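Dropping work_16.cif in here (mmCIF, N, CA and C atoms):
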```cif
data_query
#
loop_
_atom_site.label_atom_id
_atom_site.label_comp_id
_atom_site.auth_asym_id
_atom_site.auth_seq_id
_atom_site.Cartn_x
_atom_site.Cartn_y
_atom_site.Cartn_z
N ASP G 292 114.12 111.36 116.54
CA ASP G 292 112.81 111.91 116.81
C ASP G 292 112.86 112.68 118.13
N ILE G 293 112.12 113.77 118.17
CA ILE G 293 112.08 114.62 119.37
C ILE G 293 110.63 114.91 119.70
N ALA G 294 110.26 114.72 120.95
CA ALA G 294 108.91 115.05 121.40
C ALA G 294 109.03 115.90 122.65
N GLY G 295 108.13 116.86 122.79
CA GLY G 295 108.15 117.70 123.98
C GLY G 295 106.90 118.54 124.11
N ARG G 296 106.72 119.04 125.29
CA ARG G 296 105.58 119.91 125.58
C ARG G 296 105.92 121.33 125.12
N VAL G 297 105.04 121.92 124.34
CA VAL G 297 105.25 123.27 123.84
C VAL G 297 104.65 124.27 124.81
N GLY G 298 103.57 123.88 125.46
CA GLY G 298 102.92 124.75 126.43
C GLY G 298 101.51 124.27 126.69
N GLY G 299 101.04 124.48 127.90
CA GLY G 299 99.66 124.10 128.23
C GLY G 299 99.38 122.66 127.86
N ASP G 300 98.43 122.48 126.94
CA ASP G 300 98.08 121.13 126.51
C ASP G 300 98.57 120.85 125.09
N GLU G 301 99.61 121.55 124.68
CA GLU G 301 100.14 121.38 123.33
C GLU G 301 101.51 120.71 123.37
N PHE G 302 101.68 119.76 122.45
CA PHE G 302 102.92 119.01 122.34
C PHE G 302 103.40 119.07 120.90
N ALA G 303 104.70 118.93 120.72
CA ALA G 303 105.27 118.89 119.38
C ALA G 303 106.11 117.63 119.25
N ILE G 304 106.03 117.03 118.09
CA ILE G 304 106.85 115.87 117.77
C ILE G 304 107.56 116.21 116.46
N ILE G 305 108.87 116.16 116.49
CA ILE G 305 109.66 116.44 115.27
C ILE G 305 110.19 115.10 114.79
N LEU G 306 109.82 114.75 113.56
CA LEU G 306 110.18 113.47 112.97
C LEU G 306 110.98 113.72 111.69
N PRO G 307 112.29 113.91 111.82
CA PRO G 307 113.10 114.19 110.62
C PRO G 307 113.04 113.04 109.62
N ASN G 308 113.08 113.38 108.35
CA ASN G 308 113.13 112.40 107.27
C ASN G 308 111.98 111.39 107.34
N THR G 309 110.78 111.88 107.60
CA THR G 309 109.61 111.01 107.73
C THR G 309 108.57 111.37 106.68
N HIS G 310 108.08 110.38 105.96
CA HIS G 310 107.06 110.58 104.93
C HIS G 310 105.72 110.88 105.60
N PRO G 311 104.87 111.72 104.97
CA PRO G 311 103.57 112.05 105.55
C PRO G 311 102.73 110.84 105.94
N ARG G 312 102.76 109.76 105.17
CA ARG G 312 101.95 108.58 105.53
C ARG G 312 102.45 107.96 106.83
N ASP G 313 103.76 108.07 107.08
CA ASP G 313 104.32 107.53 108.32
C ASP G 313 103.95 108.43 109.51
N VAL G 314 103.87 109.74 109.26
CA VAL G 314 103.43 110.66 110.32
C VAL G 314 101.99 110.33 110.70
N THR G 315 101.16 110.07 109.70
CA THR G 315 99.77 109.71 109.96
C THR G 315 99.70 108.45 110.82
N ALA G 316 100.55 107.48 110.54
CA ALA G 316 100.58 106.24 111.33
C ALA G 316 100.98 106.53 112.77
N VAL G 317 101.95 107.40 112.98
CA VAL G 317 102.37 107.77 114.34
C VAL G 317 101.21 108.43 115.08
N LEU G 318 100.53 109.37 114.42
CA LEU G 318 99.40 110.06 115.06
C LEU G 318 98.27 109.08 115.40
N GLN G 319 98.03 108.11 114.53
CA GLN G 319 96.99 107.12 114.81
C GLN G 319 97.38 106.27 116.03
N ARG G 320 98.64 105.86 116.12
CA ARG G 320 99.09 105.07 117.28
C ARG G 320 98.91 105.86 118.57
N ILE G 321 99.25 107.14 118.53
CA ILE G 321 99.08 107.99 119.72
C ILE G 321 97.60 108.06 120.08
N ARG G 322 96.76 108.28 119.10
CA ARG G 322 95.32 108.39 119.34
C ARG G 322 94.76 107.08 119.92
N TYR G 323 95.16 105.94 119.36
CA TYR G 323 94.68 104.64 119.87
C TYR G 323 95.15 104.40 121.30
N ARG G 324 96.39 104.75 121.57
CA ARG G 324 96.91 104.53 122.92
C ARG G 324 96.23 105.42 123.94
N LEU G 325 95.94 106.65 123.56
CA LEU G 325 95.19 107.53 124.47
C LEU G 325 93.79 106.97 124.73
N ALA G 326 93.16 106.48 123.68
CA ALA G 326 91.80 105.94 123.82
C ALA G 326 91.78 104.68 124.68
N ALA G 327 92.85 103.92 124.66
CA ALA G 327 92.91 102.66 125.41
C ALA G 327 93.18 102.87 126.89
N ARG G 328 93.64 104.05 127.26
CA ARG G 328 93.96 104.31 128.67
C ARG G 328 92.68 104.37 129.49
N THR G 329 92.65 103.63 130.57
CA THR G 329 91.49 103.66 131.46
C THR G 329 91.80 104.39 132.76
N ASP G 330 93.06 104.75 132.95
CA ASP G 330 93.47 105.40 134.20
C ASP G 330 93.46 106.92 134.11
N ILE G 331 93.04 107.45 132.96
CA ILE G 331 92.98 108.90 132.79
C ILE G 331 91.60 109.26 132.24
N PRO G 332 91.18 110.51 132.44
CA PRO G 332 89.89 110.93 131.87
C PRO G 332 89.94 110.87 130.34
N LEU G 333 88.77 110.79 129.74
CA LEU G 333 88.67 110.78 128.29
C LEU G 333 89.29 112.06 127.73
N VAL G 334 90.13 111.91 126.75
CA VAL G 334 90.76 113.07 126.12
C VAL G 334 90.50 113.03 124.62
N SER G 335 90.53 114.19 124.01
CA SER G 335 90.47 114.26 122.55
C SER G 335 91.78 114.86 122.08
N ALA G 336 92.11 114.58 120.85
CA ALA G 336 93.36 115.10 120.31
C ALA G 336 93.12 115.58 118.89
N THR G 337 93.59 116.76 118.61
CA THR G 337 93.58 117.30 117.26
C THR G 337 95.02 117.54 116.89
N ALA G 338 95.40 117.10 115.70
CA ALA G 338 96.79 117.22 115.29
C ALA G 338 96.90 117.96 113.97
N GLY G 339 97.96 118.70 113.83
CA GLY G 339 98.31 119.32 112.56
C GLY G 339 99.74 118.95 112.27
N PHE G 340 100.00 118.58 111.05
CA PHE G 340 101.40 118.31 110.73
C PHE G 340 101.73 118.82 109.35
N VAL G 341 102.98 119.08 109.18
CA VAL G 341 103.45 119.64 107.92
C VAL G 341 104.80 118.99 107.61
N THR G 342 105.04 118.77 106.34
CA THR G 342 106.35 118.26 105.93
C THR G 342 107.03 119.33 105.08
N PHE G 343 108.32 119.31 105.10
CA PHE G 343 109.11 120.30 104.36
C PHE G 343 110.11 119.59 103.46
N ARG G 344 110.18 120.01 102.21
CA ARG G 344 111.24 119.51 101.33
C ARG G 344 112.57 120.12 101.79
N ILE G 345 112.51 121.40 102.10
CA ILE G 345 113.67 122.11 102.66
C ILE G 345 113.19 122.75 103.96
N PRO G 346 113.76 122.37 105.09
CA PRO G 346 113.28 122.91 106.37
C PRO G 346 113.45 124.42 106.44
N PRO G 347 112.52 125.09 107.13
CA PRO G 347 112.66 126.53 107.31
C PRO G 347 113.83 126.84 108.23
N GLY G 348 114.09 128.12 108.40
CA GLY G 348 115.25 128.56 109.16
C GLY G 348 115.17 128.33 110.66
N SER G 349 113.97 128.07 111.19
CA SER G 349 113.87 127.91 112.64
C SER G 349 112.81 126.89 113.02
N VAL G 350 112.95 126.33 114.19
CA VAL G 350 111.96 125.41 114.73
C VAL G 350 110.63 126.13 114.91
N GLU G 351 110.69 127.41 115.29
CA GLU G 351 109.48 128.19 115.49
C GLU G 351 108.64 128.24 114.22
N GLU G 352 109.29 128.39 113.05
CA GLU G 352 108.56 128.41 111.78
C GLU G 352 107.89 127.06 111.52
N MET G 353 108.57 125.98 111.85
CA MET G 353 107.99 124.65 111.69
C MET G 353 106.75 124.49 112.57
N ILE G 354 106.88 124.88 113.83
CA ILE G 354 105.78 124.75 114.77
C ILE G 354 104.60 125.62 114.35
N HIS G 355 104.89 126.82 113.87
CA HIS G 355 103.82 127.73 113.42
C HIS G 355 103.03 127.10 112.27
N ALA G 356 103.73 126.48 111.32
CA ALA G 356 103.05 125.86 110.18
C ALA G 356 102.15 124.71 110.64
N ALA G 357 102.66 123.87 111.54
CA ALA G 357 101.85 122.76 112.06
C ALA G 357 100.70 123.27 112.91
N ASP G 358 100.96 124.30 113.70
CA ASP G 358 99.92 124.92 114.54
C ASP G 358 98.74 125.41 113.70
N ASP G 359 99.05 126.06 112.58
CA ASP G 359 98.00 126.55 111.70
C ASP G 359 97.08 125.42 111.27
N LEU G 360 97.67 124.29 110.89
CA LEU G 360 96.87 123.15 110.45
C LEU G 360 96.10 122.53 111.61
N MET G 361 96.69 122.51 112.79
CA MET G 361 95.99 121.96 113.94
C MET G 361 94.75 122.78 114.25
N TYR G 362 94.89 124.10 114.24
CA TYR G 362 93.73 124.95 114.54
C TYR G 362 92.65 124.84 113.48
N ARG G 363 93.05 124.63 112.22
CA ARG G 363 92.05 124.38 111.17
C ARG G 363 91.29 123.09 111.49
N GLY G 364 92.02 122.07 111.93
CA GLY G 364 91.40 120.80 112.29
C GLY G 364 90.47 120.95 113.47
N LYS G 365 90.85 121.75 114.45
CA LYS G 365 89.99 121.98 115.61
C LYS G 365 88.70 122.66 115.21
N ARG G 366 88.80 123.59 114.27
CA ARG G 366 87.59 124.29 113.82
C ARG G 366 86.66 123.34 113.07
N ARG G 367 87.24 122.41 112.30
CA ARG G 367 86.42 121.46 111.53
C ARG G 367 85.73 120.46 112.44
N SER G 368 86.50 119.79 113.28
CA SER G 368 85.90 118.87 114.25
C SER G 368 86.98 118.34 115.17
N ALA G 369 86.71 118.36 116.44
CA ALA G 369 87.68 117.92 117.44
C ALA G 369 87.98 116.44 117.25
N GLY G 370 89.24 116.09 117.50
CA GLY G 370 89.64 114.70 117.44
C GLY G 370 90.04 114.20 116.06
N ASN G 371 90.12 115.08 115.08
CA ASN G 371 90.52 114.66 113.75
C ASN G 371 91.82 115.32 113.36
N SER G 372 92.66 114.59 112.66
CA SER G 372 93.89 115.18 112.14
C SER G 372 93.55 116.03 110.94
N SER G 373 94.24 117.13 110.78
CA SER G 373 94.01 117.95 109.60
C SER G 373 94.77 117.35 108.43
N THR G 374 94.43 117.81 107.25
CA THR G 374 95.07 117.32 106.05
C THR G 374 96.53 117.74 106.01
N PRO G 375 97.41 116.79 105.73
CA PRO G 375 98.82 117.14 105.68
C PRO G 375 99.09 118.11 104.54
N ARG G 376 100.11 118.91 104.71
CA ARG G 376 100.47 119.89 103.68
C ARG G 376 101.97 119.81 103.50
N ILE G 377 102.41 119.86 102.28
CA ILE G 377 103.85 119.93 102.00
C ILE G 377 104.17 121.38 101.73
N ALA G 378 105.07 121.92 102.53
CA ALA G 378 105.44 123.32 102.40
C ALA G 378 106.16 123.54 101.07
N PRO G 379 105.95 124.69 100.46
CA PRO G 379 106.54 124.96 99.15
C PRO G 379 108.04 125.22 99.18
N ARG G 380 108.62 125.34 100.34
CA ARG G 380 110.02 125.69 100.43
C ARG G 380 110.92 124.61 99.93
#
```
Just give me the structure of the file as C-alpha cells.
Amino acid sequence: DIAGRVGGDEFAIILPNTHPRDVTAVLQRIRYRLAARTDIPLVSATAGFVTFRIPPGSVEEMIHAADDLMYRGKRRSAGNSSTPRIAPR
C-alpha cells in the first residue's frame, strides 16, 4: 500500500489487489479516526475511488479517475464517499 500527498489538501492511497468493499472499510476507518481527533480542527473528507481490472498505463490516469469521482462526491455533499466505479479496462 502507498499513501502520499498529491498536493494542497489532496492525498492519494494506492491499494493494489484490494476489493472495493475493503477500500470502503479503509475510507471509513480514516473518517472515524479524523473525527475522533480532538487536537485538530474539525475536518471533512470527500473521497473518490476507482478499481481497475487491468490498471491503466500510468499512475496519473489512476489518480484522474479517482479525482473525477471525488469531485462528483464533493458536488453532491461534503463528507461523503462517492460511489465506487470499476473501470472498463
Quick one: contact table of segment 310-339 of chain G to segment 359-369 of chain G, 6.5 Å max, nearest atom pair and distance in Å to one decimal per residue, counting all atoms listed in the file, chain and number order, as CSV?
```
residue,atom,partner,partner_atom,distance
G:Ser335,CA,G:Ala369,C,6.2
G:Ala336,C,G:Ala369,C,5.5
G:Thr337,C,G:Met361,CA,5.4
G:Ala338,C,G:Met361,CA,4.1
G:Gly339,CA,G:Met361,N,3.6
```
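Interatomic distance, atom N of Pro347 of chain G against atom C of Ala294 of chain G: 18.4 Å.
Within chain G, residues classed as strand (DSSP E or B) by DSSP on backbone coordinates are Ile293, Ala294, Gly295, Arg296, Val297, Gly298, Glu301, Phe302, Ala303, Ile304, Ile305, Val341, Thr342, Phe343, Arg376, Ile377 and Ala378 of chain G.
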Which value, in Å to one decimal, gives the distance between atom N of Val317 of chain G and atom CA of Ile304 of chain G? 10.9 Å
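The coordinates place atom C of Thr342 of chain G at 9.1 Å from atom N of His310 of chain G.
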Contacts of Arg324 of chain G at 12 Å or less, counting only C-alpha atoms, minus same-chain residues fewer than 5 places along, as a ChimeraX atom specification? /G:317-319,329-331,333-336
Those residues with N, CA and C atoms, as a short mmCIF file (atom, residue, chain, number, x, y, z; two decimals), keeping the file's coordinate frame please?
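The result, written out as result-v7.cif:
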```
data_model
loop_
_atom_site.label_atom_id
_atom_site.label_comp_id
_atom_site.auth_asym_id
_atom_site.auth_seq_id
_atom_site.Cartn_x
_atom_site.Cartn_y
_atom_site.Cartn_z
N VAL G 317 101.95 107.40 112.98
CA VAL G 317 102.37 107.77 114.34
C VAL G 317 101.21 108.43 115.08
N LEU G 318 100.53 109.37 114.42
CA LEU G 318 99.40 110.06 115.06
C LEU G 318 98.27 109.08 115.40
N GLN G 319 98.03 108.11 114.53
CA GLN G 319 96.99 107.12 114.81
C GLN G 319 97.38 106.27 116.03
N THR G 329 92.65 103.63 130.57
CA THR G 329 91.49 103.66 131.46
C THR G 329 91.80 104.39 132.76
N ASP G 330 93.06 104.75 132.95
CA ASP G 330 93.47 105.40 134.20
C ASP G 330 93.46 106.92 134.11
N ILE G 331 93.04 107.45 132.96
CA ILE G 331 92.98 108.90 132.79
C ILE G 331 91.60 109.26 132.24
N LEU G 333 88.77 110.79 129.74
CA LEU G 333 88.67 110.78 128.29
C LEU G 333 89.29 112.06 127.73
N VAL G 334 90.13 111.91 126.75
CA VAL G 334 90.76 113.07 126.12
C VAL G 334 90.50 113.03 124.62
N SER G 335 90.53 114.19 124.01
CA SER G 335 90.47 114.26 122.55
C SER G 335 91.78 114.86 122.08
N ALA G 336 92.11 114.58 120.85
CA ALA G 336 93.36 115.10 120.31
C ALA G 336 93.12 115.58 118.89
#
```
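Compared by their closest atoms to Leu306 of chain G, and using only N, CA and C atoms, the residues G:Pro332, G:Ala357, G:Ala326, G:Asp292 rank with G:Asp292 nearest.
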